[in-house]
>>> print(open('entry.txt').read())   # compact mmCIF, C-alpha atoms and all ligand atoms
# COMPACT_ATOMS: atom_id res chain seq x y z
CA MET A 25 -0.23 0.74 31.86
CA ASP A 26 3.50 0.04 31.79
CA ASN A 27 6.09 2.50 30.48
CA SER A 28 6.08 1.38 26.88
CA SER A 29 2.26 1.48 26.77
CA THR A 30 2.22 5.07 27.98
CA ALA A 31 5.06 5.94 25.60
CA VAL A 32 3.42 4.54 22.47
CA ILE A 33 0.11 6.29 23.12
CA LYS A 34 1.87 9.57 23.86
CA LEU A 35 3.98 9.40 20.70
CA ALA A 36 0.98 8.41 18.54
CA MET A 37 -0.90 11.43 19.92
CA ASP A 38 2.04 13.75 19.17
CA LEU A 39 2.06 12.55 15.56
CA ILE A 40 -1.73 12.69 15.09
CA ALA A 41 -1.77 16.29 16.38
CA ARG A 42 0.31 17.28 13.33
CA ARG A 43 -1.89 18.16 10.37
CA SER A 44 0.09 16.16 7.80
CA VAL A 45 -2.46 15.90 5.00
CA THR A 46 -0.71 14.38 1.98
CA PRO A 47 1.94 15.35 0.85
CA GLU A 48 2.65 17.32 4.07
CA ASP A 49 4.83 15.78 6.75
CA ALA A 50 4.21 18.64 9.22
CA GLY A 51 7.28 17.78 11.30
CA CYS A 52 6.36 14.15 12.04
CA GLN A 53 9.60 12.78 10.61
CA ASP A 54 11.62 15.22 12.74
CA ILE A 55 10.07 13.77 15.86
CA MET A 56 10.96 10.26 14.71
CA ALA A 57 14.45 11.23 13.52
CA LYS A 58 15.34 12.83 16.86
CA ARG A 59 14.47 9.66 18.76
CA LEU A 60 16.28 7.44 16.27
CA SER A 61 19.32 9.70 16.25
CA SER A 62 19.71 9.33 20.01
CA LEU A 63 19.69 5.53 19.52
CA GLY A 64 22.67 5.78 17.15
CA PHE A 65 20.81 5.89 13.84
CA ASN A 66 22.38 7.74 10.93
CA ILE A 67 19.67 10.12 9.65
CA GLU A 68 19.11 11.17 6.04
CA SER A 69 16.23 13.41 5.06
CA MET A 70 15.49 13.04 1.35
CA VAL A 71 13.26 15.80 0.03
CA PHE A 72 11.94 15.33 -3.52
CA GLU A 73 9.69 18.13 -4.80
CA ASP A 74 6.75 18.40 -2.39
CA THR A 75 7.57 15.18 -0.52
CA THR A 76 9.62 14.66 2.63
CA ASN A 77 11.24 11.26 3.13
CA LEU A 78 13.32 9.80 5.93
CA TRP A 79 15.98 7.12 5.58
CA ALA A 80 17.53 6.20 8.92
CA ARG A 81 19.91 3.34 9.58
CA ARG A 82 21.66 1.91 12.61
CA GLY A 83 24.51 -0.41 11.70
CA THR A 84 26.46 -0.95 8.50
CA THR A 85 26.19 -4.69 7.93
CA ASP A 86 23.63 -7.13 6.51
CA PRO A 87 20.94 -8.22 7.01
CA VAL A 88 19.14 -4.87 6.84
CA PHE A 89 15.83 -4.91 8.67
CA CYS A 90 13.52 -2.04 7.70
CA PHE A 91 10.41 -0.47 9.23
CA ALA A 92 8.56 1.28 6.39
CA GLY A 93 5.63 3.64 6.54
CA HIS A 94 4.13 7.03 5.86
CA THR A 95 3.50 10.17 7.88
CA ASP A 96 0.89 11.67 5.52
CA VAL A 97 -2.83 11.14 6.04
CA VAL A 98 -5.91 11.50 3.86
CA PRO A 99 -8.04 14.65 4.34
CA ALA A 100 -10.39 14.67 7.33
CA GLY A 101 -13.58 14.93 5.23
CA ASN A 102 -16.74 16.39 6.73
CA LEU A 103 -15.70 17.83 10.12
CA GLU A 104 -19.27 17.83 11.39
CA LEU A 105 -19.33 14.04 11.24
CA TRP A 106 -16.31 13.69 13.52
CA LYS A 107 -17.20 13.23 17.18
CA THR A 108 -13.76 14.62 18.13
CA PRO A 109 -11.64 17.06 16.07
CA PRO A 110 -9.53 14.92 13.65
CA PHE A 111 -6.22 16.56 14.58
CA GLU A 112 -6.88 16.66 18.33
CA PRO A 113 -6.16 13.06 19.37
CA THR A 114 -8.67 11.92 22.00
CA ILE A 115 -9.05 8.67 23.93
CA ILE A 116 -12.61 7.46 24.57
CA ASP A 117 -13.28 4.02 26.08
CA GLY A 118 -9.84 2.69 25.24
CA MET A 119 -9.94 3.86 21.62
CA LEU A 120 -7.62 6.58 20.32
CA TYR A 121 -9.44 8.82 17.82
CA GLY A 122 -7.86 11.07 15.20
CA ARG A 123 -6.96 11.18 11.51
CA GLY A 124 -4.06 8.77 10.97
CA ALA A 125 -4.62 6.87 14.25
CA ALA A 126 -4.81 3.56 12.33
CA ASP A 127 -3.31 4.60 8.97
CA MET A 128 -0.60 4.80 10.12
CA LYS A 129 0.71 7.07 12.86
CA GLY A 130 -0.12 4.47 15.51
CA SER A 131 2.17 2.01 13.72
CA LEU A 132 4.96 4.59 13.41
CA ALA A 133 4.79 5.22 17.15
CA ALA A 134 4.84 1.47 17.84
CA MET A 135 7.91 1.02 15.60
CA ILE A 136 9.83 3.73 17.48
CA ILE A 137 8.98 2.41 20.95
CA ALA A 138 9.79 -1.17 19.88
CA THR A 139 13.11 -0.02 18.43
CA GLU A 140 14.01 1.91 21.61
CA LYS A 141 13.23 -1.17 23.67
CA PHE A 142 15.18 -3.45 21.33
CA VAL A 143 18.30 -1.31 21.04
CA THR A 144 18.41 -0.86 24.81
CA ALA A 145 18.17 -4.63 25.36
CA HIS A 146 20.36 -5.68 22.40
CA PRO A 147 22.78 -2.82 21.64
CA ASN A 148 25.07 -5.21 19.75
CA HIS A 149 22.42 -6.79 17.53
CA LYS A 150 23.56 -8.24 14.24
CA GLY A 151 22.99 -6.47 10.91
CA SER A 152 21.22 -3.12 10.68
CA ILE A 153 17.87 -1.59 11.57
CA SER A 154 16.51 1.00 9.16
CA TYR A 155 13.48 3.25 8.64
CA LEU A 156 12.01 4.24 5.29
CA VAL A 157 9.28 6.82 5.89
CA THR A 158 7.55 9.01 3.30
CA SER A 159 4.92 11.77 3.21
CA ASP A 160 3.31 10.81 -0.11
CA GLU A 161 1.89 7.29 0.32
CA GLU A 162 -1.70 8.56 0.16
CA GLY A 163 -0.94 10.85 -2.79
CA PRO A 164 0.42 10.23 -6.27
CA PHE A 165 3.33 8.08 -4.94
CA ILE A 166 5.84 9.68 -7.30
CA ASN A 167 8.32 11.38 -4.95
CA GLY A 168 8.09 9.06 -2.00
CA THR A 169 9.19 5.47 -1.35
CA THR A 170 9.94 4.84 -5.01
CA ARG A 171 12.48 7.73 -5.12
CA VAL A 172 14.12 6.61 -1.86
CA ILE A 173 14.42 3.07 -3.25
CA ASP A 174 15.98 4.48 -6.45
CA THR A 175 18.52 6.37 -4.32
CA LEU A 176 19.35 3.27 -2.27
CA GLU A 177 19.60 1.09 -5.37
CA ALA A 178 21.97 3.59 -7.01
CA ARG A 179 24.41 3.15 -4.11
CA ASN A 180 23.74 -0.57 -3.86
CA GLU A 181 22.14 -0.34 -0.43
CA LYS A 182 19.67 -3.21 0.00
CA ILE A 183 16.85 -3.93 2.40
CA THR A 184 16.71 -7.61 3.41
CA TYR A 185 13.59 -7.77 5.58
CA CYS A 186 10.85 -5.19 5.75
CA ILE A 187 7.74 -4.65 7.85
CA VAL A 188 5.39 -2.03 6.39
CA GLY A 189 3.15 -0.70 9.16
CA GLU A 190 -0.03 -0.58 7.06
CA PRO A 191 -3.15 -1.54 9.02
CA SER A 192 -3.37 -5.21 8.01
CA SER A 193 -5.44 -6.61 10.87
CA THR A 194 -9.15 -7.40 10.80
CA HIS A 195 -10.46 -7.96 14.35
CA LYS A 196 -7.41 -7.96 16.62
CA VAL A 197 -3.86 -6.78 16.07
CA GLY A 198 -1.80 -9.44 14.32
CA ASP A 199 -4.70 -11.61 13.16
CA VAL A 200 -3.88 -10.88 9.51
CA VAL A 201 -0.45 -10.19 7.98
CA LYS A 202 -0.14 -9.31 4.29
CA ASN A 203 2.71 -11.25 2.69
CA GLY A 204 2.13 -9.94 -0.81
CA ARG A 205 -0.17 -7.88 -2.95
CA ARG A 206 -1.82 -8.35 -6.29
CA GLY A 207 -0.65 -6.25 -9.19
CA SER A 208 -2.88 -3.49 -10.53
CA ILE A 209 -3.16 -2.15 -14.06
CA SER A 210 -5.82 0.22 -15.46
CA GLY A 211 -6.84 1.01 -19.02
CA GLU A 212 -8.80 3.93 -20.43
CA LEU A 213 -10.16 2.51 -23.68
CA THR A 214 -11.74 4.63 -26.41
CA ILE A 215 -13.44 2.84 -29.30
CA HIS A 216 -14.18 4.95 -32.37
CA GLY A 217 -17.17 4.76 -34.71
CA LYS A 218 -18.84 7.25 -36.98
CA GLN A 219 -21.45 9.67 -35.68
CA GLY A 220 -24.70 10.21 -37.58
CA HIS A 221 -28.51 10.13 -37.63
CA VAL A 222 -30.08 6.95 -36.25
CA ALA A 223 -32.45 6.92 -39.25
CA TYR A 224 -29.57 6.44 -41.69
CA PRO A 225 -27.68 3.40 -40.39
CA GLU A 226 -25.90 3.02 -43.71
CA HIS A 227 -24.07 6.31 -42.97
CA VAL A 228 -22.95 5.54 -39.39
CA LYS A 229 -20.68 3.15 -37.58
CA ASN A 230 -22.18 2.60 -34.16
CA PRO A 231 -19.31 2.35 -31.63
CA ILE A 232 -21.64 1.07 -28.90
CA HIS A 233 -22.70 -1.88 -31.02
CA LEU A 234 -19.12 -2.53 -32.06
CA ALA A 235 -17.86 -2.37 -28.46
CA MET A 236 -20.42 -4.67 -26.83
CA PRO A 237 -19.13 -8.06 -28.02
CA ALA A 238 -15.53 -7.10 -27.28
CA LEU A 239 -16.36 -5.81 -23.77
CA ALA A 240 -18.40 -8.94 -23.13
CA GLU A 241 -15.46 -11.09 -24.15
CA LEU A 242 -13.04 -9.09 -21.99
CA SER A 243 -15.34 -9.38 -18.97
CA GLN A 244 -15.77 -13.14 -19.44
CA THR A 245 -12.15 -13.97 -20.19
CA HIS A 246 -10.39 -16.35 -17.84
CA TRP A 247 -7.03 -14.69 -17.25
CA ASP A 248 -5.36 -17.31 -15.07
CA HIS A 249 -6.12 -19.80 -12.29
CA GLY A 250 -4.26 -17.85 -9.60
CA ASN A 251 -1.80 -19.89 -7.54
CA ASP A 252 -1.08 -20.94 -3.96
CA TYR A 253 -0.74 -17.32 -2.86
CA PHE A 254 -3.13 -15.42 -5.14
CA PRO A 255 -6.77 -15.69 -6.17
CA GLU A 256 -7.41 -15.71 -9.91
CA THR A 257 -6.89 -12.46 -11.78
CA SER A 258 -9.99 -10.31 -12.10
CA PHE A 259 -10.99 -7.87 -14.84
CA GLN A 260 -13.52 -5.20 -13.89
CA LEU A 261 -15.09 -2.50 -16.03
CA SER A 262 -15.29 0.63 -13.89
CA ASN A 263 -16.66 3.33 -16.25
CA LEU A 264 -18.65 3.17 -19.48
CA GLN A 265 -19.61 6.32 -21.32
CA SER A 266 -21.03 7.18 -24.70
CA GLY A 267 -23.85 9.10 -26.34
CA THR A 268 -24.62 12.68 -27.18
CA GLY A 269 -27.65 12.92 -24.92
CA ALA A 270 -30.05 12.67 -27.86
CA THR A 271 -32.01 9.52 -28.74
CA ASN A 272 -31.73 10.09 -32.49
CA VAL A 273 -27.95 10.38 -32.78
CA VAL A 274 -25.44 7.55 -33.06
CA PRO A 275 -22.38 8.73 -31.12
CA GLY A 276 -18.87 8.92 -32.52
CA HIS A 277 -17.13 6.96 -29.79
CA ILE A 278 -17.49 5.04 -26.56
CA SER A 279 -15.09 5.06 -23.66
CA ALA A 280 -14.68 2.10 -21.35
CA TRP A 281 -12.36 2.20 -18.34
CA PHE A 282 -11.27 -0.97 -16.62
CA ASN A 283 -8.85 -2.35 -14.05
CA LEU A 284 -7.25 -5.73 -13.51
CA ARG A 285 -5.99 -6.99 -10.14
CA TYR A 286 -3.61 -9.71 -11.15
CA SER A 287 -1.59 -12.55 -9.69
CA THR A 288 2.08 -13.42 -10.10
CA GLU A 289 1.04 -15.77 -12.94
CA LEU A 290 0.81 -12.68 -15.20
CA ASN A 291 2.72 -9.49 -15.86
CA ASP A 292 1.78 -6.10 -17.33
CA GLN A 293 2.87 -6.98 -20.85
CA MET A 294 0.92 -10.25 -20.95
CA ILE A 295 -2.22 -8.36 -19.97
CA VAL A 296 -1.67 -5.57 -22.52
CA ASP A 297 -1.07 -8.15 -25.26
CA LYS A 298 -4.17 -10.17 -24.41
CA VAL A 299 -6.48 -7.13 -24.16
CA GLU A 300 -5.22 -5.79 -27.49
CA ALA A 301 -5.55 -9.21 -29.15
CA ILE A 302 -9.22 -9.37 -28.15
CA LEU A 303 -9.89 -5.82 -29.41
CA ASP A 304 -8.05 -6.56 -32.67
CA LYS A 305 -10.03 -9.77 -33.16
CA HIS A 306 -13.21 -7.68 -33.08
CA GLN A 307 -11.63 -5.36 -35.67
CA LEU A 308 -12.09 -2.25 -33.59
CA GLU A 309 -10.56 1.15 -34.12
CA TYR A 310 -9.39 2.09 -30.64
CA GLU A 311 -6.78 3.56 -28.37
CA ILE A 312 -5.92 2.69 -24.77
CA LYS A 313 -4.14 4.76 -22.14
CA TRP A 314 -2.55 2.29 -19.72
CA THR A 315 -1.66 3.08 -16.11
CA TYR A 316 0.70 0.69 -14.35
CA ASN A 317 -0.22 0.94 -10.68
CA GLY A 318 2.09 -1.72 -9.29
CA LYS A 319 3.46 -5.18 -9.92
CA PRO A 320 2.38 -8.09 -7.75
CA PHE A 321 4.77 -9.33 -5.09
CA ILE A 322 4.92 -12.27 -2.73
CA THR A 323 7.06 -13.09 0.28
CA GLU A 324 7.20 -16.86 0.43
CA GLU A 325 7.68 -19.05 3.48
CA GLY A 326 11.01 -18.51 5.19
CA LEU A 327 12.70 -16.57 7.96
CA MET A 328 10.62 -13.40 7.53
CA LEU A 329 7.22 -15.10 7.79
CA ASP A 330 8.46 -17.40 10.57
CA ALA A 331 9.82 -14.45 12.56
CA VAL A 332 6.61 -12.47 12.28
CA ALA A 333 4.32 -15.44 12.95
CA LYS A 334 6.36 -16.35 16.03
CA ALA A 335 6.25 -12.73 17.26
CA VAL A 336 2.47 -12.54 16.83
CA ASN A 337 2.10 -15.88 18.60
CA THR A 338 4.32 -14.80 21.52
CA VAL A 339 2.23 -11.66 22.06
CA THR A 340 -1.33 -12.77 21.21
CA ASP A 341 -1.22 -16.59 21.64
CA ASN A 342 -2.57 -16.86 18.09
CA LEU A 343 -0.97 -17.35 14.70
CA PRO A 344 -1.62 -14.78 11.96
CA VAL A 345 -3.35 -15.57 8.69
CA PHE A 346 -1.13 -14.60 5.77
CA SER A 347 -3.06 -12.91 2.97
CA THR A 348 -2.53 -11.09 -0.32
CA ALA A 349 -6.00 -9.51 -0.46
CA GLY A 350 -6.73 -5.79 -0.40
CA GLY A 351 -5.36 -2.72 -2.14
CA THR A 352 -1.81 -1.76 -2.99
CA SER A 353 0.79 -0.25 -0.64
CA ASP A 354 4.34 1.06 -0.81
CA GLY A 355 5.49 -2.54 -0.27
CA ARG A 356 5.19 -2.84 -4.07
CA PHE A 357 8.19 -0.50 -4.47
CA ILE A 358 10.35 -2.24 -1.85
CA ALA A 359 9.71 -5.88 -2.78
CA PRO A 360 11.11 -5.70 -6.36
CA THR A 361 14.60 -5.00 -4.92
CA GLY A 362 14.59 -8.52 -3.49
CA ALA A 363 13.46 -7.59 0.02
CA ASN A 364 11.18 -9.90 2.01
CA VAL A 365 8.22 -7.61 2.68
CA VAL A 366 5.20 -8.03 4.93
CA GLU A 367 2.55 -5.58 6.04
CA LEU A 368 1.67 -5.76 9.70
CA GLY A 369 -0.29 -3.12 11.58
CA PRO A 370 -3.49 -2.46 13.54
CA CYS A 371 -7.11 -3.03 12.47
CA ASN A 372 -8.21 -1.33 9.28
CA SER A 373 -11.98 -1.02 9.78
CA THR A 374 -11.99 2.80 10.18
CA ILE A 375 -9.17 3.89 7.88
CA HIS A 376 -9.86 6.84 5.55
CA GLN A 377 -13.24 7.28 7.32
CA VAL A 378 -14.52 9.92 9.71
CA ASN A 379 -13.85 9.00 13.36
CA GLU A 380 -10.77 6.98 12.43
CA SER A 381 -9.58 5.20 15.54
CA VAL A 382 -7.23 2.57 16.88
CA CYS A 383 -7.54 0.41 19.98
CA CYS A 384 -4.96 1.51 22.59
CA ASP A 385 -4.39 -2.11 23.68
CA ASP A 386 -3.73 -3.06 20.04
CA LEU A 387 -1.04 -0.36 19.81
CA CYS A 388 0.63 -1.73 22.93
CA GLY A 389 0.40 -5.23 21.42
CA LEU A 390 1.91 -3.91 18.21
CA VAL A 391 4.95 -2.58 20.12
CA ASP A 392 5.56 -6.08 21.46
CA ILE A 393 4.98 -7.75 18.08
CA TYR A 394 7.46 -5.39 16.40
CA TYR A 395 9.91 -5.90 19.27
CA HIS A 396 9.78 -9.70 19.02
CA SER A 397 10.06 -9.53 15.22
CA LEU A 398 13.32 -7.60 15.69
CA VAL A 399 14.52 -10.17 18.23
CA ASN A 400 13.62 -13.08 15.94
CA ILE A 401 15.45 -11.55 12.98
CA LEU A 402 18.42 -9.69 14.46
CA CYS A 403 19.47 -11.66 17.52
CA CYS A 404 22.15 -14.22 16.76
CA ASP A 405 21.04 -16.74 19.32
CA ASN A 406 17.77 -17.12 17.42
CA GLN A 407 19.34 -18.10 14.12
ZN ZN T 1 -1.48 3.73 4.89
>>> encode(input="entry.txt", output="structure tokens", more="lines below")
Ligand SMILES: [Zn+2]
Amino acid sequence: MDNSSTAVIKLAMDLIARRSVTPEDAGCQDIMAKRLSSLGFNIESMVFEDTTNLWARRGTTDPVFCFAGHTDVVPAGNLELWKTPPFEPTIIDGMLYGRGAADMKGSLAAMIIATEKFVTAHPNHKGSISYLVTSDEEGPFINGTTRVIDTLEARNEKITYCIVGEPSSTHKVGDVVKNGRRGSISGELTIHGKQGHVAYPEHVKNPIHLAMPALAELSQTHWDHGNDYFPETSFQLSNLQSGTGATNVVPGHISAWFNLRYSTELNDQMIVDKVEAILDKHQLEYEIKWTYNGKPFITEEGLMLDAVAKAVNTVTDNLPVFSTAGGTSDGRFIAPTGANVVELGPCNSTIHQVNESVCCDDLCGLVDIYYHSLVNILCCDNQ
């Protein structure tokens, strides 16, 4: 292994050894800040309530390139099912095991090593390099990236290009890059009726009967056709509950919870309006508690995608597939400021599971992919 390979594995292991279960940072950001500080980064720790965030920047001019990520991890789960202790990083057959190995301490380590290599080779790069790191990505995402973005926005500090280190790859590092995410909105719907004895239907209003046609219509509605970047919007019922437990009682209400993953053809308000129009049409008495989980975003073809695709190709000889599939990430808070955001990290097949692991060779590849992305974006002779 060459120097940067040894360095990335060592740093990833240092980070994994810290028990940073969300919203704990457990000193991970200090390790990163120290290394960035010695490269000339200006360091700001932004602590909001229980969450520790890091904003670090080298340079004062545009464009501002940003590495974004999180130091928190999900709980280890059943320890007996782990073949190695989750917070004692261990390498077996070329795989590095430990909680956070793939999501996403391996990526954080790769970002740092790539940045060290880049700043050493190109100390007078154009623009700025920045880091936006939080300890609440896996938690309620209230005091993390969104608060840092609010702070930056308030002082008119903008990110131009951003790589989020979420594990985007499927089989080999760099095979899939996320260039957008669908939006997500959830509703907790309660439909009211009138409770009573099943033998006296004239005295009851059965909320189950009333709800069925409306829920059927919601589940069969065609919301949009999607577009070049997104599949069509999908509505899914996730919970349905009613009844008193007795067979001879008509219940007083039914609750139906649902979620929509939606494309850029729609927005939150259009969905709320359409759902309520359908419920009103069926003349239901209802209430809905809406949760807005994130707006959709897309990074279209241009310098960012070209730079990343070229970097992946230089390192792996293959071109990445750009995709908007999968769950949400903190990219949803960064993209609305106008930043070009992609997610690019190691393979995601073991994330949030017991025996989470990352391929050591993939981490070394990731260092090179991040390095070449920096070169392609911040070196003048490439523009
Ligand atoms: Zn993650």
>>> residues_around(input="entry.txt", residues="Val143 of chain A", least_positions_apart="5", cutoff="12 Å", atoms="all atoms listed in the file", output="PyMOL selection string")
chain A and resi 59-60+62-65+82-83+135-138+148-150+152-153+395+398-399+402-403
>>> atom_distance(input="entry.txt", atom1="atom CA of Asp174 of chain A", atom2="atom CA of Pro360 of chain A")
11.3 Å
>>> residues_around(input="entry.txt", residues="Lys334 of chain A", least_positions_apart="6", cutoff="10 Å", atoms="all atoms listed in the file", output="PyMOL selection string")
chain A and resi 328+340-344+393+396-397+400
>>> write_last_selection(input="entry.txt", atoms="C-alpha atoms", output="PDB file, in the coordinates of the input")
ATOM      1  CA  MET A 328      10.620 -13.400   7.530  1.00  0.00           C
ATOM      2  CA  THR A 340      -1.330 -12.770  21.210  1.00  0.00           C
ATOM      3  CA  ASP A 341      -1.220 -16.590  21.640  1.00  0.00           C
ATOM      4  CA  ASN A 342      -2.570 -16.860  18.090  1.00  0.00           C
ATOM      5  CA  LEU A 343      -0.970 -17.350  14.700  1.00  0.00           C
ATOM      6  CA  PRO A 344      -1.620 -14.780  11.960  1.00  0.00           C
ATOM      7  CA  ILE A 393       4.980  -7.750  18.080  1.00  0.00           C
ATOM      8  CA  HIS A 396       9.780  -9.700  19.020  1.00  0.00           C
ATOM      9  CA  SER A 397      10.060  -9.530  15.220  1.00  0.00           C
ATOM     10  CA  ASN A 400      13.620 -13.080  15.940  1.00  0.00           C
TER      11      ASN A 400
END
>>> closest_residue(input="entry.txt", among="A:Gly355, A:Gly204, A:Gly189, A:Pro320", to="ligand ZN 1 (chain T)", atoms="only C-alpha atoms and all ligand atoms")
A:Gly189
>>> residues_near_ligand(input="entry.txt", ligand="ligand ZN 1 (chain T)", cutoff="12 Å", atoms="all atoms listed in the file", output="NGL selection string")
:A and (46 or 92-98 or 123-132 or 157-163 or 165 or 188-192 or 351-355 or 367-372 or 374-376)
>>> closest_residue(input="entry.txt", among="A:Asn27, A:Thr214, A:Ser258, A:Thr75", to="Pro47 of chain A", atoms="all atoms listed in the file")
A:Thr75
>>> closest_residue(input="entry.txt", among="A:Val365, A:Ile278, A:Ile322, A:Ile116", to="Asn251 of chain A", atoms="all atoms listed in the file")
A:Ile322
>>> atom_distance(input="entry.txt", atom1="atom CA of Gly101 of chain A", atom2="atom CA of Gly350 of chain A")
22.5 Å
>>> closest_atom_pairs(input="entry.txt", of="segment 288-396 of chain A", to="segment 252-256 of chain A", cutoff="10 Å", atoms="only C-alpha atoms", output="JSON lines")
{"residue": "A:Thr288", "atom": "CA", "partner": "A:Phe254", "partner_atom": "CA", "distance": 7.5}
{"residue": "A:Glu289", "atom": "CA", "partner": "A:Phe254", "partner_atom": "CA", "distance": 8.9}
{"residue": "A:Pro320", "atom": "CA", "partner": "A:Phe254", "partner_atom": "CA", "distance": 9.5}
{"residue": "A:Phe321", "atom": "CA", "partner": "A:Tyr253", "partner_atom": "CA", "distance": 10.0}
{"residue": "A:Ile322", "atom": "CA", "partner": "A:Tyr253", "partner_atom": "CA", "distance": 7.6}
{"residue": "A:Thr323", "atom": "CA", "partner": "A:Tyr253", "partner_atom": "CA", "distance": 9.4}
{"residue": "A:Glu324", "atom": "CA", "partner": "A:Tyr253", "partner_atom": "CA", "distance": 8.6}
{"residue": "A:Phe346", "atom": "CA", "partner": "A:Tyr253", "partner_atom": "CA", "distance": 9.1}
{"residue": "A:Ser347", "atom": "CA", "partner": "A:Tyr253", "partner_atom": "CA", "distance": 7.7}
{"residue": "A:Thr348", "atom": "CA", "partner": "A:Phe254", "partner_atom": "CA", "distance": 6.5}
{"residue": "A:Ala349", "atom": "CA", "partner": "A:Phe254", "partner_atom": "CA", "distance": 8.1}
>>> atom_distance(input="entry.txt", atom1="atom CA of Thr76 of chain A", atom2="atom CA of Ile358 of chain A")
17.5 Å
>>> axis_aligned_box(input="entry.txt", around="segment 340-346 of chain A", padding_each_side="6 Å", output="JSON")
{"center_x": -2.2, "center_y": -15.1, "center_z": 13.7, "size_x": 14.4, "size_y": 16.6, "size_z": 27.9}
>>> closest_residue(input="entry.txt", among="A:Phe111, A:Tyr155, A:Trp106, A:Phe282", to="Ala80 of chain A", atoms="only C-alpha atoms")
A:Tyr155
>>> closest_residue(input="entry.txt", among="A:Ile183, A:Val273, A:Val228, A:Cys384", to="Ala363 of chain A", atoms="only C-alpha atoms")
A:Ile183
>>> closest_residue(input="entry.txt", among="A:Glu241, A:Arg206, A:Phe259, A:Val222", to="Thr271 of chain A", atoms="all atoms listed in the file")
A:Val222
>>> residues_around(input="entry.txt", residues="Leu39 of chain A", least_positions_apart="3", cutoff="6 Å", atoms="only C-alpha atoms", output="JSON, numbers by chain")
{"A": [36, 42, 52]}
>>> residues_around(input="entry.txt", residues="Leu242 of chain A", least_positions_apart="3", cutoff="10 Å", atoms="all atoms listed in the file", output="list in words")
Met236, Pro237, Ala238, Leu239, Thr245, His246, Trp247, Phe259, Gln260, Leu261, Phe282, Lys298, Val299, Ile302 and Leu303 of chain A
>>> residues_around(input="entry.txt", residues="Val366 of chain A", least_positions_apart="5", cutoff="7 Å", atoms="all atoms listed in the file", output="list in words")
Cys186, Ile187, Val188, Val201, Lys202, Asn203 and Gly204 of chain A
